[in-house]
Every structure is written in structure tokens, then in C-alpha cells.
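Step one of this worksheet: look at the structure below.
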Amino acid sequence: MSEVKQEVGPLAGFRVVERASGVAAAAAGRLLATMGAEVVLAEDPAGTLLRREPPLIGEGTSALFAYLAAGKRSVVVEGEEALHALLATADILIDDTPLDQRALLGLDAAVIRRRHPRLVHVSVLPFGASGPKAGWRGEEVNLIHASGEGYLLPNGLSVELFPDRPPLKIAGHFACWQAGVAAALGALSALWTGTGQFVDVSVQDAALAVGAFAIQRLGDGSVEHRTTRSFRFGGVLQCADGHVELLTLEERQWQGLVKLMGEPDWAKDSELADPVKRSSHGAAINQRIRAWAASWKVEDLVARAQELGVPMARYNTPADILAGPHEAARGIFAPIEVPGVGSLPVFTAPMRFGPDALSLAGPPPLGADQALLAQRHAEVA
Amino acid sequence: MAGPLAGLRIADFTVHAAGPFCTHMLAQLGAEVIKVESAHRPDIFRKPHPVYGRMGAATFDQVASAKHSIRLNLKHPKGIALAKQLVAQSDVAAESFRPGVMARLGLGYEALKAVKADIVMLSVSSSGQTGPHSYFAGYAPLFGAWGGLGWLSGYEDGPPVEMRHVMDHSVGLHAAMAVMAALHRRRRTGQGCHVDVCAREVASAAAGEALLEAAAGHTPRRWGNAHPRMSPHGVYPARGDDSWLTIAVADERAWRGLLAVIGRPDLADDPRFATEAARHTARVELDAIIAGWTREQDAEDAAARLQEAGCAAHPSWATPQIAGDAHLRARGAIVDAPEPDGRIRAAVGIPVRLSATPPRGIWRGTPQLGEDEDRVFGELLGLDRAAREALEAEGAIC
């Protein structure tokens, strides 16, 4: 058996079977596993595609898989009956098999419903399991742009520098991650009712949901665009040794910023006293702020800003976060064993259920928990 | 009441975007969400927002919709007493003030537990309830910067990119999920808890593989629209002004399909592009060939033809295209929501479809401040008209 820590998360006692070849379904399983559910990867003999997906951190070791599969178990499932034996003991199935392949694998909704009436069957697909585009393929870049946020990025400094370039995705798998969270929410909501059912989650829908503000603005009469949705001033500032984010939305924060800049004469101009008028001079103000920030070191500037109540943050690199004192104090990284690489700190989860961080075990080698399948077979028989 | 969470009640002290999005999700799923505000401190959507050119209150606010509204003055001792009575009748108490504010008001976790032993308290904050930076104020762009997602996003040769409202709402979505996990434990064990959702950590969660790369001694890079494995992969110019087509070639089937659609089957035999690894190495060259084709294409039409051939593609959509899309409307991802004057506008639906217990959805728009006080103060807390008037006169309800 792969090592799974005995810490009791809120979902201890629930079993989840996961068939995931994409990030969204795997993220759903990862979130449920970190919250204490027993999540079993039901893999084909070759293993899920995610095991080979870059970025790689060693010979054939995927950082993406290690992150997403941390805390899960793995069984190799050959044939429909083995899969159904496993499902017979599960509370939740998460599946991202394309619609046209489900029947072949015994995974279509009608079969699952007939054979496992109490199971919560969560389908996670790029465009969902129903609607005119249900059969469409979609990767992260397609989906973040099909849901609105892609077209609106980049904003601020980046689009000022490169106004003619194509719009930009968020790094990594932001849209797919949202679908993972939505799938976990949908699974837990369905489970709450005690009624087995089909839960249909679409990456496009989930990414659109978190992009609700653009639809809000549309209803208010404004069409957002990446070149115009910048804040009037502040935003991304280049310092001597990195970048910071500055955002002053309230009057006292602007006053703090003036103090931070050493009370320059230009900031005392009567034209800038009123917040609305000040906004109309945003471009000129930003020129001054950018020139002023350029000579500062990030660490000194951020520390001084916090003292004065000016909302400012360093654009942290991944290495900064790993070394961060706040992150260390909160214990958000758990040491896990990554096969072929060794012990590494992995990010656990952004939620906790008390003062302590959730714990996590490493990703399972393929078929590490095969005994689980035999055991389940015996139980079912 | 309908929806999978029918019967659950939430005392909602959240403000701004992240916390309210959480309770908005739970409200759409059927929970009775009672939003607590006061005329002295109304939530931002009830005030003008000149930065966005809104000079009065919002007539519809997505994250406030499907909720009930009451007024309570949390600066008044009797307002606090009423808040506790409300929590005593609730399953969940949600808040998104800076850490420490609820405790100072007399509404910290211990105080709420004293009136409802198994309460699930949700706190949503910028940097979490613990740690040296827990008092830091923040907005979405700051969460994104602290959490690493901002640095990782951007053109390879450009600066980091500011994360916007998607960041707030992602925090709320995580919080809704966490609340459900806590409720399941309460049902199994009888124990409530204090759920701590940290916004900067939500930004990190979406970048977990890059954090692991760094932990392994590698230096994660900014990929822009490129991908560490796939090529072609990106956002390509299409016919028309500011029109773009996204394409991602995930496998050989997609590659062959793409070549057929663009009329270049000869490239299948080109040694520069013979394998996925070769295509990735030659991606700049390959992107130029693809862009040469996409430039002449209508984005919608090209996406449909590529999909037909097994290749993932979609136009980069502006908001109006999303609001009117047949697929999204068929799924209830875009719904019609009512304005107070009866007009209809597009809103975003709940991103989960449940076959046996469908979500309640946006059953009402944005409530008027205090619209549900007869129901909440009268029926739920059992206050008669005279008692309510006295509390209003004292400034506890206002």
C-alpha cells in the first residue's frame, strides 16, 4: 500500500474513485483527498497520461502528476468488471472520459445509475456532458479563452508594453483548476442529499463562473477589454530587483502612498485632492510612481508600504514562496516522497479546518494499492 | 425551498467579492443565505463605484443575488446580541473581515460556538487567520502577486500580470467547497469547526506544479501562451479586428486533423515536425505556418472545422459573445436574471448541474437592504413589531 497519513480530514470515511487524464478531474480528486477522503486512481495498465505530463522534475517524473496525485492511492483496473467492483464500494466517481468512449468502458451515465444507484457520478469535461459543444475537445488555452478571462488578459503594464500581441492565458491550468473545485463542490452537494445522481461539470462553465464580473459589467452597460480594464494608476511596478503590485482604492491608502513617496510636490497639486479628478490624471500619476519605484529594492519598499497601510505586494517567484516566513509559519508545504526524486515540500491546500494545515502523502506509484482491488473484490463477492 | 442544500441556513457577514461569491454559490445550491449589512456600512455594491463608472448603487449584483437581506448594527451591543441569535439558528456563519475583527466585535469563533456548539464558521481573508502577514490587507491583484500566479503569468519577455476578479471568485468557490466538507464532518461527528480560507494560498494552489518544480531545484518559467509539451499551442490571429483563435494539439489525432483542415497534409511527412518533441523544438517555425492560415479564417468557423477534425480549438471570446452563446445558455451557465424594474439581464449560473436535485439557481436578484426582516426578525428570531421598532430606535437595527 502507498503511504497515506492517518490525519483526520473532514472527509475521512468517504471513498472516491477517480478516472482522470486531465487536470480538472485530477484537481477535484486532489482537493477531496487533501480534505481526508480516500481517493483511488483507477488507472489503465499504462497509467494515466498525467504521469508523463510536463513539467518534469527528474527522469520521467512529472511535477504536475506529483502535485495532483499527492495523497491518492492507485490501482490498475483491467476490464469493466474490476472497475465496477471498485465502484460498488465508492461514494463518488470522478470521470473525465470523453463522452464517445464512455459506453465502451461501461462508464455511461445510465449504466452507472443502474449498477450503482447510490453513487454520486461526477462527469468533468471541457465543455460539459450536455449542450451543442458537449463533444468538443478543449485544453486549458482553449478553455480560458472560451470563458472570457483569456480575452481580457494581459492588463495594465503588460498590455501597455505589448498592445499588439495576442491575448494571454493565466499560467498553468487556472480554468481546469476552477472546474476541479466546482466538481468537488458539486460532488459534496450531491452527497449531502443522500441521493445518487449525475453531476455534470464543465471547465468552460467553471471558469466563466469565476469570471462573473465581466458579465456583471456587461449588464451594467460596459464591455470590458484588456486595454481598458486597468486601474487608473498603480498596478505592476518595476523595482530595482523585481516587481511589486500597488493598489490604492481608498483615500487613506492614497494618503499613505503620498507619504511613502516622501510627500513630493506634484502629489500635493489641488487637482489630485479629489479621488475622481485624481483618477482622470491616472496616466500622469503612474509615470511619476513608476519613476519613483524603479530605484527601490522590493523588500525595502514592501516593508515601508505595509507600515503606512499602503496595499502592496511583491510579485513572488515560486522560490520566494517556498522560502516565505508567512508560508512557513502557516505550514502550507508538506514533505512528500516523490518516487525517483526524493522528499520534496508540496503545497497542501488553501483551506484548513482549524489552526493547523492539512497534511498530505506522496503520489502513488502505478498500482501501488492493487491489494485494495482484491480486497474489494472479496468484499463484494 | 429547492436544491441540494435546501434546509441549510447561513448567517452571512461577508463583504466585497470573495466571501459573498462563496455564499452566493451556496445560495444557488439551495441554502438560505441571510446577508447582514447596515445602512451605516452597506456592502460596496450599494454605493457608487466611480472607478467603474457606476455613479449609484448597482441595480443587480451577481454575488448578492439569491440571498436574503437584513440590517444589523454590529457596533451596537444589541446588534451583536441579535447577530448571535441569528447564528444560533444557523448552520454556517461566514465572514470576510480582516482577521481579528470578528473577535473584537464579540463574534469570534469561541463566541459563536458558545451560542451554537456545532457551528461551522467560515473566515475568508487575504493571508489567512494565522501567520505574521495575517493582518495584511489585500485585493485580488495582491493575492495573485503573493501567491505566485501573477509572476508566472505573462509574456516570456515581459512583466508579471495582474490577476483580477477571477482571483476573488476563485477564493469564494474554494470556500464554498470547504464549507461543504466541514458540514459533512459535522453530520458524521457532531463537531463544527472554524474554516480558514486564505486568498494568497488559492493563487498558489493553481500553481502547485510550479512550486514543486522550484522545490526540486528547477527554475519554473513564464510560458505565455505556449505549453511545455504541445505544439502547435497558442492564440493565433484570425480574420477581423482583434479576433483570435486558440488551438491546442494534444496528440497525433489532433495533429493530423489540423493538417487536413489547413490543407497541409504534406507537413505530416516533414522531418521538422515528425514527432511531438520535434514539433515542440520547431514551435516558432510551426506557429508562423499556423498563423499564416488562421489570419485568413473566421475564428468561429475555423474552430468548428478543427473540432470536427478532432483538434481542440475555440475563439478567444469577448464578453458579449459569451452572454449570447447557445451552448452556455443550454447548460444554464448563462441565465437570465431579473432587475428590480422587471428588466432581464444576463447573469452567471451555478457551474454544477445535478440530475436528481437541481440547484435552485438565481431565484431572485439583489435584495433591497433589509428586505427580509419580517421573515428573519419576525418569524425566525420571534421579535414582534414593538420589539423591532424599539431596536430600530436604539440604533441596533439600522
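By convention in this document, the chains of the C-alpha cells carry letters A, B, ... by their order, each chain's residues are numbered from 1, and ligands are numbered from 1 in the order they are shown.
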
Polymer residues at most 9 Å from stretch 159-169 of chain B, only C-alpha atoms, same-chain spacing of 5 or more positions, as number ranges by chain: A: 149, 153-158, 161, 170, 207-214, 235-238, 243, 245, 315; B: 17-22, 139-145, 149-154, 174, 199, 202-203, 222

If you run DSSP on the backbone, which residues of stretch 242-312 of chain A are strand (DSSP E), as a list in words?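 Residues of stretch 242-312 of chain A classed as strand (DSSP E): Gly242, His243, Val244, Glu245, Leu246 and Met312 of chain A.
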
With a distance cut-off of 8 Å and only C-alpha atoms, select the neighbouring residues of stretch 73-90 of chain A, excluding the residue or stretch itself and same-chain residues fewer than 6 positions from it, and output the selection as a PyMOL selection string. chain A and resi 1-2+14-17+38-45+47+105-106+116+119+363-370+372-373+376-377+380

Among stretch 13-129 of chain A, which residues does DSSP mark as helix (DSSP H, G or I) when it is run on the backbone? Keep the chain and numbering as in the structure and answer as a ChimeraX atom specification. /A:23-34,49-52,63-69,80-87,99-105,109-115

With only C-alpha atoms as the counted atoms, please give the residues lying no more than 6 Å from B:Val36, apart from itself and same-chain residues fewer than 4 positions off, as number ranges by chain. B: 12-13, 70-71

Could you turn the residues from that selection into a file that holds all heavy atoms, as an mmCIF file, in the first residue's frame?
```cif
data_model
loop_
_atom_site.group_PDB
_atom_site.id
_atom_site.type_symbol
_atom_site.label_atom_id
_atom_site.label_comp_id
_atom_site.auth_asym_id
_atom_site.auth_seq_id
_atom_site.Cartn_x
_atom_site.Cartn_y
_atom_site.Cartn_z
ATOM 1 N N ASP B 12 -24.657 35.396 6.963
ATOM 2 C CA ASP B 12 -23.628 35.841 6.014
ATOM 3 C C ASP B 12 -23.143 37.247 6.359
ATOM 4 O O ASP B 12 -23.826 38.238 6.099
ATOM 5 C CB ASP B 12 -24.227 35.807 4.597
ATOM 6 C CG ASP B 12 -23.211 36.153 3.526
ATOM 7 O OD1 ASP B 12 -22.010 36.321 3.849
ATOM 8 O OD2 ASP B 12 -23.621 36.251 2.352
ATOM 9 N N PHE B 13 -21.962 37.318 6.954
ATOM 10 C CA PHE B 13 -21.364 38.602 7.306
ATOM 11 C C PHE B 13 -20.308 39.029 6.282
ATOM 12 O O PHE B 13 -19.551 39.957 6.528
ATOM 13 C CB PHE B 13 -20.709 38.510 8.697
ATOM 14 C CG PHE B 13 -21.666 38.157 9.803
ATOM 15 C CD1 PHE B 13 -21.844 36.837 10.199
ATOM 16 C CD2 PHE B 13 -22.396 39.149 10.450
ATOM 17 C CE1 PHE B 13 -22.732 36.507 11.222
ATOM 18 C CE2 PHE B 13 -23.286 38.829 11.471
ATOM 19 C CZ PHE B 13 -23.455 37.510 11.860
ATOM 20 N N ILE B 70 -30.914 41.490 5.738
ATOM 21 C CA ILE B 70 -31.352 42.171 6.965
ATOM 22 C C ILE B 70 -30.328 43.234 7.343
ATOM 23 O O ILE B 70 -29.170 43.188 6.902
ATOM 24 C CB ILE B 70 -31.514 41.201 8.164
ATOM 25 C CG1 ILE B 70 -30.155 40.548 8.521
ATOM 26 C CG2 ILE B 70 -32.566 40.148 7.869
ATOM 27 C CD1 ILE B 70 -30.194 39.821 9.864
ATOM 28 N N ARG B 71 -30.793 44.195 8.165
ATOM 29 C CA ARG B 71 -29.885 45.211 8.698
ATOM 30 C C ARG B 71 -29.531 44.868 10.147
ATOM 31 O O ARG B 71 -30.405 44.470 10.925
ATOM 32 C CB ARG B 71 -30.563 46.591 8.685
ATOM 33 C CG ARG B 71 -30.892 47.131 7.316
ATOM 34 C CD ARG B 71 -31.819 48.326 7.447
ATOM 35 N NE ARG B 71 -33.058 47.927 8.138
ATOM 36 C CZ ARG B 71 -33.827 48.758 8.847
ATOM 37 N NH1 ARG B 71 -33.506 50.043 8.950
ATOM 38 N NH2 ARG B 71 -34.923 48.328 9.451
#
```

Neighbours of A:Thr317 within 10 Å (only C-alpha atoms; same-chain residues fewer than 2 positions away dropped), as a list in words?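 The residues satisfying every condition are Gly242, Arg314, Tyr315, Ala319, Asp320, Ile321, Leu322 and Ala323 of chain A; Ala145, Trp146, Gly147, Gly148, Leu149, Gly150, Trp151, Leu152, Ala210, Leu211, Ala214, Thr219, Pro220 and Arg221 of chain B.
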
Requested write-out: N, CA, C and O atoms of the selected residues, as a CSV table (one decimal), in the first residue's frame:
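This is the output file out-v8.csv:
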```csv
chain,number,residue,atom,x,y,z
A,242,GLY,N,13.0,43.5,-9.0
A,242,GLY,CA,11.8,42.6,-9.2
A,242,GLY,C,10.6,43.5,-9.3
A,242,GLY,O,10.8,44.7,-9.6
A,314,ARG,N,4.9,42.0,-3.1
A,314,ARG,CA,5.9,41.5,-4.0
A,314,ARG,C,5.4,40.5,-5.0
A,314,ARG,O,4.6,39.7,-4.6
A,315,TYR,N,5.8,40.6,-6.3
A,315,TYR,CA,5.5,39.5,-7.2
A,315,TYR,C,6.4,38.4,-6.9
A,315,TYR,O,7.5,38.3,-7.4
A,319,ALA,N,10.2,30.3,-5.8
A,319,ALA,CA,11.2,30.1,-4.8
A,319,ALA,C,11.0,31.1,-3.6
A,319,ALA,O,11.2,30.7,-2.5
A,320,ASP,N,10.5,32.3,-3.9
A,320,ASP,CA,10.2,33.2,-2.8
A,320,ASP,C,9.1,32.6,-1.9
A,320,ASP,O,9.2,32.8,-0.7
A,321,ILE,N,8.1,32.0,-2.5
A,321,ILE,CA,7.0,31.4,-1.7
A,321,ILE,C,7.5,30.2,-0.8
A,321,ILE,O,7.2,30.1,0.3
A,322,LEU,N,8.4,29.4,-1.4
A,322,LEU,CA,8.9,28.3,-0.7
A,322,LEU,C,9.7,28.8,0.5
A,322,LEU,O,9.8,28.1,1.5
A,323,ALA,N,10.4,29.9,0.4
A,323,ALA,CA,11.2,30.5,1.5
A,323,ALA,C,10.5,31.5,2.3
A,323,ALA,O,11.1,32.0,3.3
B,145,ALA,N,-0.2,38.2,-6.7
B,145,ALA,CA,1.2,38.5,-6.6
B,145,ALA,C,1.9,37.7,-5.5
B,145,ALA,O,2.9,37.1,-5.7
B,146,TRP,N,1.3,37.7,-4.4
B,146,TRP,CA,1.8,36.9,-3.2
B,146,TRP,C,1.9,35.4,-3.6
B,146,TRP,O,2.8,34.7,-3.2
B,147,GLY,N,0.8,35.0,-4.2
B,147,GLY,CA,0.7,33.5,-4.4
B,147,GLY,C,1.5,32.9,-5.5
B,147,GLY,O,1.5,31.7,-5.7
B,148,GLY,N,2.1,33.8,-6.4
B,148,GLY,CA,3.0,33.2,-7.4
B,148,GLY,C,2.3,33.2,-8.8
B,148,GLY,O,3.0,33.2,-9.8
B,149,LEU,N,1.0,33.2,-8.8
B,149,LEU,CA,0.3,33.1,-10.1
B,149,LEU,C,0.6,34.3,-11.0
B,149,LEU,O,0.7,34.2,-12.2
B,150,GLY,N,0.7,35.5,-10.4
B,150,GLY,CA,1.0,36.7,-11.1
B,150,GLY,C,2.4,36.7,-11.7
B,150,GLY,O,2.5,37.1,-12.9
B,151,TRP,N,3.4,36.3,-11.0
B,151,TRP,CA,4.7,36.2,-11.6
B,151,TRP,C,4.8,35.2,-12.7
B,151,TRP,O,5.5,35.4,-13.7
B,152,LEU,N,4.1,34.1,-12.6
B,152,LEU,CA,4.2,33.0,-13.6
B,152,LEU,C,3.4,33.4,-14.8
B,152,LEU,O,3.7,32.8,-15.9
B,210,ALA,N,4.3,24.3,-10.4
B,210,ALA,CA,5.5,25.2,-10.5
B,210,ALA,C,6.2,25.3,-9.1
B,210,ALA,O,7.5,25.4,-9.1
B,211,LEU,N,5.5,25.3,-8.1
B,211,LEU,CA,6.1,25.4,-6.7
B,211,LEU,C,6.9,24.1,-6.5
B,211,LEU,O,8.0,24.1,-5.9
B,214,ALA,N,10.1,24.3,-8.4
B,214,ALA,CA,11.1,25.1,-7.7
B,214,ALA,C,11.7,24.3,-6.5
B,214,ALA,O,12.9,24.4,-6.3
B,219,THR,N,14.0,25.9,-12.2
B,219,THR,CA,13.5,27.3,-12.3
B,219,THR,C,12.3,27.3,-13.2
B,219,THR,O,12.4,27.2,-14.4
B,220,PRO,N,11.1,27.4,-12.6
B,220,PRO,CA,9.9,27.5,-13.4
B,220,PRO,C,10.0,28.7,-14.3
B,220,PRO,O,10.6,29.7,-13.9
B,221,ARG,N,9.4,28.6,-15.5
B,221,ARG,CA,9.5,29.7,-16.4
B,221,ARG,C,8.1,30.2,-16.8
B,221,ARG,O,7.1,29.6,-16.5
```

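Those residues that approach A:Pro355 to within 12 Å, counting only C-alpha atoms, are A:Ala329, A:Arg330, A:Gly331, A:Ile332, A:Met351, A:Arg352, A:Leu358, B:Tyr109, B:Ser123, B:Gly128, B:Gln129, B:Thr130, B:Gly131, B:Cys193, B:His194, B:Val195, B:Asp196, B:Val197; same-chain residues fewer than 3 positions away are not listed.
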
Which residues come within 12 Å of A:Ala134, counting only C-alpha atoms, excluding same-chain residues fewer than 6 positions away, as a ChimeraX atom specification? /A:98-100,123-128,200-205 /B:307,327-328,330-331

Mind dumping the selected residues with C-alpha atoms as a compact mmCIF listing (two decimals), in the first residue's frame?
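As a result, out.txt now contains:
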```txt
# COMPACT_ATOMS: atom_id res chain seq x y z
CA PRO A 98 -14.71 11.71 -23.39
CA LEU A 99 -18.43 11.10 -23.94
CA ASP A 100 -17.99 8.94 -27.04
CA SER A 123 -18.51 14.00 -15.04
CA VAL A 124 -15.81 16.59 -15.72
CA LEU A 125 -15.38 17.58 -19.36
CA PRO A 126 -14.02 20.62 -21.21
CA PHE A 127 -17.48 21.77 -22.33
CA GLY A 128 -19.64 19.54 -20.14
CA ASP A 200 -22.23 17.49 -14.89
CA VAL A 201 -19.27 19.85 -14.62
CA SER A 202 -17.73 21.79 -17.48
CA VAL A 203 -14.38 23.58 -17.37
CA GLN A 204 -15.82 26.36 -19.51
CA ASP A 205 -18.73 26.87 -17.07
CA GLN B 307 -13.16 20.38 -33.71
CA HIS B 327 -24.22 26.20 -25.56
CA LEU B 328 -23.71 28.16 -22.35
CA ALA B 330 -28.47 25.49 -22.85
CA ARG B 331 -26.37 24.47 -19.86
```

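For the set B:Arg187, B:Val124, B:Thr294, B:His227, the residue with the smallest atom-to-atom gap to B:Gly100 is B:Val124, counting only C-alpha atoms.
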
Can you work out the spacing between atom CA of A:Arg278 and atom CA of A:Arg226 in Å, to one decimal? 21.8 Å

Distance atom CA of A:Asp96-atom CA of A:Leu188, one decimal place?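 So the answer is 17.7 Å.
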
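In terms of minimum interatomic distance to chain B, A:Ala171 ranks closest within A:Leu301, A:Ala334, A:Leu260, A:Ala171, counting only C-alpha atoms.
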
Using only C-alpha atoms for the distances, tell me which of B:Ile247, B:Ala39, B:Ile34, B:Val352 is nearest to A:Ile144.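 Looking at the shortest contact to A:Ile144, the residue is B:Ile247.
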
With only C-alpha atoms as the basis for distance, which of A:Ala46, A:Ala109, A:Val223, A:Met261 is at the shortest distance from chain B?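 That would be A:Val223, the residue with the smallest distance to chain B.
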
Calculated over only C-alpha atoms, which of the candidates A:Asp265, A:Asp95, A:Asp241, A:Asp356 has the smallest distance to chain B? A:Asp356

State, in Å with one decimal place, the distance from atom CA of A:Lys268 to atom CA of A:Ala294.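 The value is 21.3 Å.
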
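Closest approach to chain A among B:His40, B:Arg46, B:Arg353, B:Arg200 is made by B:Arg353 (distances from only C-alpha atoms).
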